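> Structure file structure03.cif (mmCIF, C-alpha atoms) is given on the next line.
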```cif
data_query
loop_
_atom_site.group_PDB
_atom_site.id
_atom_site.type_symbol
_atom_site.label_atom_id
_atom_site.label_comp_id
_atom_site.auth_asym_id
_atom_site.auth_seq_id
_atom_site.Cartn_x
_atom_site.Cartn_y
_atom_site.Cartn_z
ATOM 1 C CA MET F 1 18.356 -1.478 -26.562
ATOM 2 C CA SER F 2 18.187 -1.251 -30.353
ATOM 3 C CA ASP F 3 14.956 -0.262 -32.075
ATOM 4 C CA GLU F 4 14.907 -3.660 -33.711
ATOM 5 C CA VAL F 5 15.001 -5.520 -30.353
ATOM 6 C CA HIS F 6 12.400 -3.156 -28.914
ATOM 7 C CA ALA F 7 10.118 -3.819 -31.888
ATOM 8 C CA ARG F 8 10.594 -7.556 -31.504
ATOM 9 C CA ILE F 9 9.740 -7.431 -27.790
ATOM 10 C CA ASP F 10 6.763 -5.185 -28.439
ATOM 11 C CA ALA F 11 5.425 -7.581 -31.066
ATOM 12 C CA ALA F 12 5.809 -10.528 -28.681
ATOM 13 C CA VAL F 13 4.137 -8.670 -25.790
ATOM 14 C CA LYS F 14 1.175 -7.790 -27.981
ATOM 15 C CA GLY F 15 1.145 -11.101 -29.834
ATOM 16 C CA ALA F 16 -1.173 -12.866 -27.375
ATOM 17 C CA ASP F 17 -3.527 -11.933 -24.522
ATOM 18 C CA VAL F 18 -1.258 -13.555 -21.939
ATOM 19 C CA VAL F 19 2.488 -13.602 -22.538
ATOM 20 C CA LEU F 20 5.204 -14.867 -20.204
ATOM 21 C CA PHE F 21 8.861 -14.024 -20.778
ATOM 22 C CA MET F 22 10.733 -16.864 -19.090
ATOM 23 C CA LYS F 23 13.913 -18.886 -18.936
ATOM 24 C CA GLY F 24 13.314 -22.147 -20.776
ATOM 25 C CA THR F 25 10.009 -23.518 -21.988
ATOM 26 C CA PRO F 26 6.771 -24.461 -20.192
ATOM 27 C CA LEU F 27 7.810 -28.114 -20.365
ATOM 28 C CA PHE F 28 11.419 -27.453 -19.386
ATOM 29 C CA PRO F 29 11.690 -24.274 -17.338
ATOM 30 C CA GLN F 30 15.340 -23.448 -16.612
ATOM 31 C CA CYS F 31 14.792 -21.542 -13.376
ATOM 32 C CA GLY F 32 12.641 -22.010 -10.289
ATOM 33 C CA PHE F 33 10.936 -18.651 -10.658
ATOM 34 C CA SER F 34 9.938 -19.384 -14.250
ATOM 35 C CA SER F 35 8.725 -22.810 -13.212
ATOM 36 C CA ARG F 36 6.514 -21.249 -10.553
ATOM 37 C CA ALA F 37 5.068 -18.756 -13.035
ATOM 38 C CA ILE F 38 4.135 -21.568 -15.411
ATOM 39 C CA ALA F 39 2.496 -23.546 -12.584
ATOM 40 C CA ILE F 40 0.346 -20.521 -11.737
ATOM 41 C CA LEU F 41 -0.779 -19.983 -15.336
ATOM 42 C CA ASP F 42 -1.563 -23.679 -15.699
ATOM 43 C CA HIS F 43 -3.638 -23.607 -12.508
ATOM 44 C CA LEU F 44 -5.600 -20.660 -13.846
ATOM 45 C CA GLY F 45 -6.378 -22.639 -16.982
ATOM 46 C CA VAL F 46 -5.550 -19.725 -19.235
ATOM 47 C CA GLU F 47 -3.987 -19.940 -22.661
ATOM 48 C CA TYR F 48 -0.634 -18.212 -22.831
ATOM 49 C CA ALA F 49 2.326 -17.671 -25.077
ATOM 50 C CA THR F 50 5.891 -17.841 -23.797
ATOM 51 C CA VAL F 51 9.158 -16.305 -24.922
ATOM 52 C CA ASP F 52 12.345 -18.123 -23.929
ATOM 53 C CA VAL F 53 14.837 -15.343 -23.221
ATOM 54 C CA LEU F 54 17.693 -17.846 -23.124
ATOM 55 C CA GLN F 55 17.310 -18.194 -26.883
ATOM 56 C CA ASP F 56 17.828 -14.502 -27.527
ATOM 57 C CA GLN F 57 20.383 -12.385 -25.671
ATOM 58 C CA GLY F 58 18.942 -9.168 -27.136
ATOM 59 C CA VAL F 59 15.508 -9.938 -25.727
ATOM 60 C CA ARG F 60 16.984 -11.196 -22.439
ATOM 61 C CA GLN F 61 18.561 -7.802 -21.760
ATOM 62 C CA GLY F 62 16.018 -5.688 -23.626
ATOM 63 C CA ILE F 63 12.967 -6.939 -21.763
ATOM 64 C CA LYS F 64 14.433 -5.539 -18.545
ATOM 65 C CA SER F 65 14.475 -1.986 -19.834
ATOM 66 C CA TYR F 66 11.241 -2.450 -21.791
ATOM 67 C CA SER F 67 9.366 -2.959 -18.504
ATOM 68 C CA ASP F 68 11.848 -1.257 -16.157
ATOM 69 C CA TRP F 69 11.964 -4.548 -14.251
ATOM 70 C CA PRO F 70 15.270 -6.293 -13.506
ATOM 71 C CA THR F 71 14.231 -9.929 -13.372
ATOM 72 C CA ILE F 72 12.679 -12.720 -15.402
ATOM 73 C CA PRO F 73 9.989 -14.150 -15.571
ATOM 74 C CA GLN F 74 7.726 -11.260 -16.536
ATOM 75 C CA LEU F 75 4.001 -11.540 -17.134
ATOM 76 C CA TYR F 76 2.040 -9.387 -19.574
ATOM 77 C CA VAL F 77 -1.735 -9.395 -19.940
ATOM 78 C CA LYS F 78 -3.223 -7.601 -22.959
ATOM 79 C CA GLY F 79 0.061 -5.785 -23.420
ATOM 80 C CA GLU F 80 0.274 -4.558 -19.825
ATOM 81 C CA PHE F 81 3.149 -5.529 -17.527
ATOM 82 C CA ILE F 82 1.682 -7.274 -14.473
ATOM 83 C CA GLY F 83 4.777 -8.322 -12.531
ATOM 84 C CA GLY F 84 7.295 -11.041 -11.818
ATOM 85 C CA SER F 85 6.739 -14.428 -10.207
ATOM 86 C CA ASP F 86 6.393 -13.101 -6.647
ATOM 87 C CA ILE F 87 3.654 -10.679 -7.671
ATOM 88 C CA MET F 88 2.016 -13.429 -9.732
ATOM 89 C CA MET F 89 1.998 -15.691 -6.665
ATOM 90 C CA GLU F 90 0.523 -13.005 -4.415
ATOM 91 C CA MET F 91 -2.131 -12.136 -6.986
ATOM 92 C CA TYR F 92 -2.891 -15.808 -7.537
ATOM 93 C CA GLU F 93 -3.356 -16.437 -3.823
ATOM 94 C CA THR F 94 -5.661 -13.450 -3.347
ATOM 95 C CA GLY F 95 -7.671 -14.293 -6.467
ATOM 96 C CA GLU F 96 -6.671 -11.002 -8.114
ATOM 97 C CA LEU F 97 -4.951 -12.704 -11.024
ATOM 98 C CA ALA F 98 -8.026 -14.769 -11.905
ATOM 99 C CA ASP F 99 -10.160 -11.607 -11.591
ATOM 100 C CA LEU F 100 -7.797 -9.621 -13.786
ATOM 101 C CA ILE F 101 -7.901 -12.260 -16.488
ATOM 102 C CA SER F 102 -11.677 -12.546 -16.450
ATOM 103 C CA ASP F 103 -12.092 -8.737 -16.279
ATOM 104 C CA LYS F 104 -10.021 -8.527 -19.451
ATOM 105 C CA GLY F 105 -12.413 -10.956 -21.092
ATOM 106 C CA ILE F 106 -9.833 -13.707 -21.491
ATOM 107 C CA HIS F 107 -11.216 -17.225 -21.658
ATOM 108 C CA THR F 108 -10.072 -19.857 -19.161
ATOM 109 C CA THR F 109 -10.797 -23.537 -18.782
ATOM 110 C CA ALA F 110 -10.555 -23.467 -14.956
ATOM 111 C CA MET W 1 30.580 -12.908 -4.867
ATOM 112 C CA PRO W 2 27.136 -13.536 -3.389
ATOM 113 C CA MET W 3 25.621 -10.868 -1.157
ATOM 114 C CA GLN W 4 25.250 -11.198 2.583
ATOM 115 C CA ALA W 5 21.792 -10.901 4.127
ATOM 116 C CA GLU W 6 22.893 -7.905 6.244
ATOM 117 C CA GLU W 7 24.141 -6.120 3.153
ATOM 118 C CA ILE W 8 20.768 -6.564 1.442
ATOM 119 C CA GLU W 9 18.926 -5.316 4.511
ATOM 120 C CA THR W 10 21.203 -2.287 4.896
ATOM 121 C CA MET W 11 20.754 -1.229 1.286
ATOM 122 C CA ILE W 12 16.966 -1.506 1.515
ATOM 123 C CA ARG W 13 16.849 0.445 4.771
ATOM 124 C CA GLN W 14 19.053 3.184 3.389
ATOM 125 C CA ALA W 15 16.543 3.811 0.612
ATOM 126 C CA ILE W 16 13.383 3.111 2.611
ATOM 127 C CA PRO W 17 14.275 4.147 6.184
ATOM 128 C CA ASP W 18 11.030 3.111 7.866
ATOM 129 C CA ALA W 19 11.046 -0.345 6.266
ATOM 130 C CA ALA W 20 10.787 -3.494 8.320
ATOM 131 C CA VAL W 21 13.010 -5.943 6.470
ATOM 132 C CA GLU W 22 12.973 -9.659 7.079
ATOM 133 C CA ILE W 23 15.480 -11.755 5.161
ATOM 134 C CA THR W 24 15.544 -15.525 4.993
ATOM 135 C CA ASP W 25 18.461 -17.435 3.521
ATOM 136 C CA LEU W 26 16.442 -20.077 1.696
ATOM 137 C CA ALA W 27 19.155 -22.542 0.800
ATOM 138 C CA GLY W 28 21.786 -21.647 3.391
ATOM 139 C CA ASP W 29 24.193 -20.875 0.551
ATOM 140 C CA GLY W 30 24.185 -17.068 0.747
ATOM 141 C CA ASP W 31 22.723 -16.915 -2.738
ATOM 142 C CA HIS W 32 18.999 -17.677 -2.472
ATOM 143 C CA TYR W 33 17.085 -15.282 -0.298
ATOM 144 C CA ALA W 34 13.527 -14.372 0.490
ATOM 145 C CA ALA W 35 12.865 -10.821 1.620
ATOM 146 C CA ARG W 36 9.732 -9.327 3.073
ATOM 147 C CA VAL W 37 9.716 -5.540 3.132
ATOM 148 C CA VAL W 38 6.963 -3.683 4.951
ATOM 149 C CA SER W 39 6.776 0.100 4.852
ATOM 150 C CA GLU W 40 4.122 2.697 5.496
ATOM 151 C CA SER W 41 5.537 4.581 2.508
ATOM 152 C CA PHE W 42 4.241 1.784 0.220
ATOM 153 C CA ARG W 43 0.642 2.658 1.020
ATOM 154 C CA GLY W 44 -1.352 3.449 -2.099
ATOM 155 C CA GLN W 45 1.365 2.119 -4.425
ATOM 156 C CA SER W 46 0.869 -0.868 -6.703
ATOM 157 C CA ARG W 47 2.850 -4.039 -6.018
ATOM 158 C CA VAL W 48 4.937 -3.339 -9.101
ATOM 159 C CA ALA W 49 5.758 0.154 -7.812
ATOM 160 C CA GLN W 50 6.593 -1.190 -4.343
ATOM 161 C CA GLN W 51 8.906 -3.868 -5.674
ATOM 162 C CA ARG W 52 10.564 -1.410 -8.069
ATOM 163 C CA ARG W 53 11.493 0.724 -5.066
ATOM 164 C CA VAL W 54 13.163 -2.274 -3.425
ATOM 165 C CA TYR W 55 14.950 -3.193 -6.649
ATOM 166 C CA ASP W 56 16.081 0.436 -7.002
ATOM 167 C CA ALA W 57 17.383 0.304 -3.430
ATOM 168 C CA LEU W 58 19.551 -2.645 -4.432
ATOM 169 C CA GLY W 59 21.096 -0.492 -7.117
ATOM 170 C CA GLY W 60 21.152 -2.829 -10.081
ATOM 171 C CA ARG W 61 22.328 -5.890 -8.158
ATOM 172 C CA MET W 62 19.006 -7.608 -8.695
ATOM 173 C CA GLY W 63 19.248 -9.948 -11.622
ATOM 174 C CA GLY W 64 23.030 -9.631 -11.415
ATOM 175 C CA VAL W 65 25.062 -10.640 -8.351
ATOM 176 C CA LEU W 66 21.783 -11.121 -6.546
ATOM 177 C CA HIS W 67 20.246 -13.861 -8.608
ATOM 178 C CA ALA W 68 17.544 -15.318 -6.455
ATOM 179 C CA LEU W 69 15.605 -12.964 -4.230
ATOM 180 C CA GLN W 70 12.022 -13.896 -3.598
ATOM 181 C CA LEU W 71 10.426 -10.586 -2.752
ATOM 182 C CA THR W 72 7.167 -9.640 -1.110
ATOM 183 C CA THR W 73 6.184 -6.154 -0.063
ATOM 184 C CA GLY W 74 3.380 -4.716 1.976
ATOM 185 C CA VAL W 75 2.143 -1.994 4.294
ATOM 186 C CA PRO W 76 1.879 -2.344 8.090
ATOM 187 C CA ASP W 77 -1.424 -3.753 9.368
#
```
Translate this structure into structure tokens?

Amino acid sequence: MSDEVHARIDAAVKGADVVLFMKGTPLFPQCGFSSRAIAILDHLGVEYATVDVLQDQGVRQGIKSYSDWPTIPQLYVKGEFIGGSDIMMEMYETGELADLISDKGIHTTA
Amino acid sequence: MPMQAEEIETMIRQAIPDAAVEITDLAGDGDHYAARVVSESFRGQSRVAQQRRVYDALGGRMGGVLHALQLTTGVPD
């Protein structure tokens, strides 16, 4: 990954408290796993930013080495990699994701 | 070429010998799987670390030839 792509990913990861790298957009997710990740974030009532990796091949490949994680979507909270959609679902079901977000002092409407 | 369920299970068990691996072919098309991997060796590891070990076991196929693998990991009860 080039330094320029790494810097761009790093800026996006740190650009908001909750950031989801996904395929497509929240309104039009292009993959079932991304769609599920969006549904979880919406249920939590948390504000989030998204990055559509389909719009940027450099980011699409680079994000995998950035986090050492081979798949998309990828969730970041306050700059920390949390996991993919399966981990999000498990953490949502156990309440850990809601706890994590409130522990980090992030406002929700839920 | 999609991967066969047995191939996925074999690769995981080669890397994590004590793992109990349960694979479900979600769509019946040999391309959308769910896997549940339970291993004592996961104890004390974060979910991210556990899933990384499974992804490592699949040797780079994840996100490539293996597009859709819903993955959950855990330790024995």
> Write out, as CSV, each residue of chain F that has an atom at most 10 Å from chain W, together with the closest pair of atoms and their distance in Å to one decimal, counting all atoms listed in the file, rows going by chain and rising number.

```
residue,atom,partner,partner_atom,distance
F:Cys31,CA,W:Ala68,CA,9.7
F:Gly32,CA,W:Ala68,CA,9.1
F:Phe33,CA,W:Ala68,CA,8.5
F:Lys64,CA,W:Gly63,CA,9.5
F:Asp68,CA,W:Arg52,CA,8.2
F:Trp69,CA,W:Arg52,CA,7.1
F:Pro70,CA,W:Gly63,CA,5.7
F:Thr71,CA,W:Gly63,CA,5.3
F:Ile72,CA,W:Gly63,CA,8.1
F:Phe81,CA,W:Val48,CA,8.9
F:Ile82,CA,W:Val48,CA,7.4
F:Gly83,CA,W:Val48,CA,6.1
F:Gly84,CA,W:Val48,CA,8.5
F:Ser85,CA,W:Gln70,CA,8.5
F:Asp86,CA,W:Leu71,CA,6.1
F:Ile87,CA,W:Arg47,CA,6.9
F:Met89,CA,W:Thr72,CA,9.7
F:Glu90,CA,W:Thr72,CA,8.1
F:Met91,CA,W:Arg47,CA,9.6
```
> I'd like the neighbourhood of Pro26 (chain F) as a count of residues only, where a residue qualifies if any of its atoms comes within 10 Å (using all atoms listed in the file), though same-chain residues fewer than 3 positions away should be ignored.
15
> So the first atom is CA of Ser65 (chain F) and the second is CA of Ser39 (chain W); what is the distance between them in Å, to one decimal place?
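Interatomic distance, CA of Ser65 (chain F) to CA of Ser39 (chain W): 25.9 Å.
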> Please evaluate the PyMOL selection byres ((chain F and resi 44-48) around 12) against the structure above and give the resulting residues as number ranges by chain.
F: 12-21, 25-26, 37-43, 49-51, 75-78, 88-89, 91-93, 95-102, 105-110
> Could you name the residues that touch Leu58 (chain W) at 10 Å or less, counting only C-alpha atoms, but leaving out those on the same chain fewer than 4 positions away, as a PyMOL selection string?
chain W and resi 7-12+14-15+52-54+62+66
> Within 12 Å of Asp25 (chain W), counting all atoms listed in the file, which residues qualify if same-chain residues fewer than 6 places away don't, as JSON, numbers by chain?
{"W": [2, 3, 4, 5, 6, 8, 31, 32, 33, 34, 35, 36, 68, 69, 70]}
> At what distance in Å, to one decimal, does CA of Ala20 (chain W) lie from CA of Pro73 (chain F)?
26.2 Å
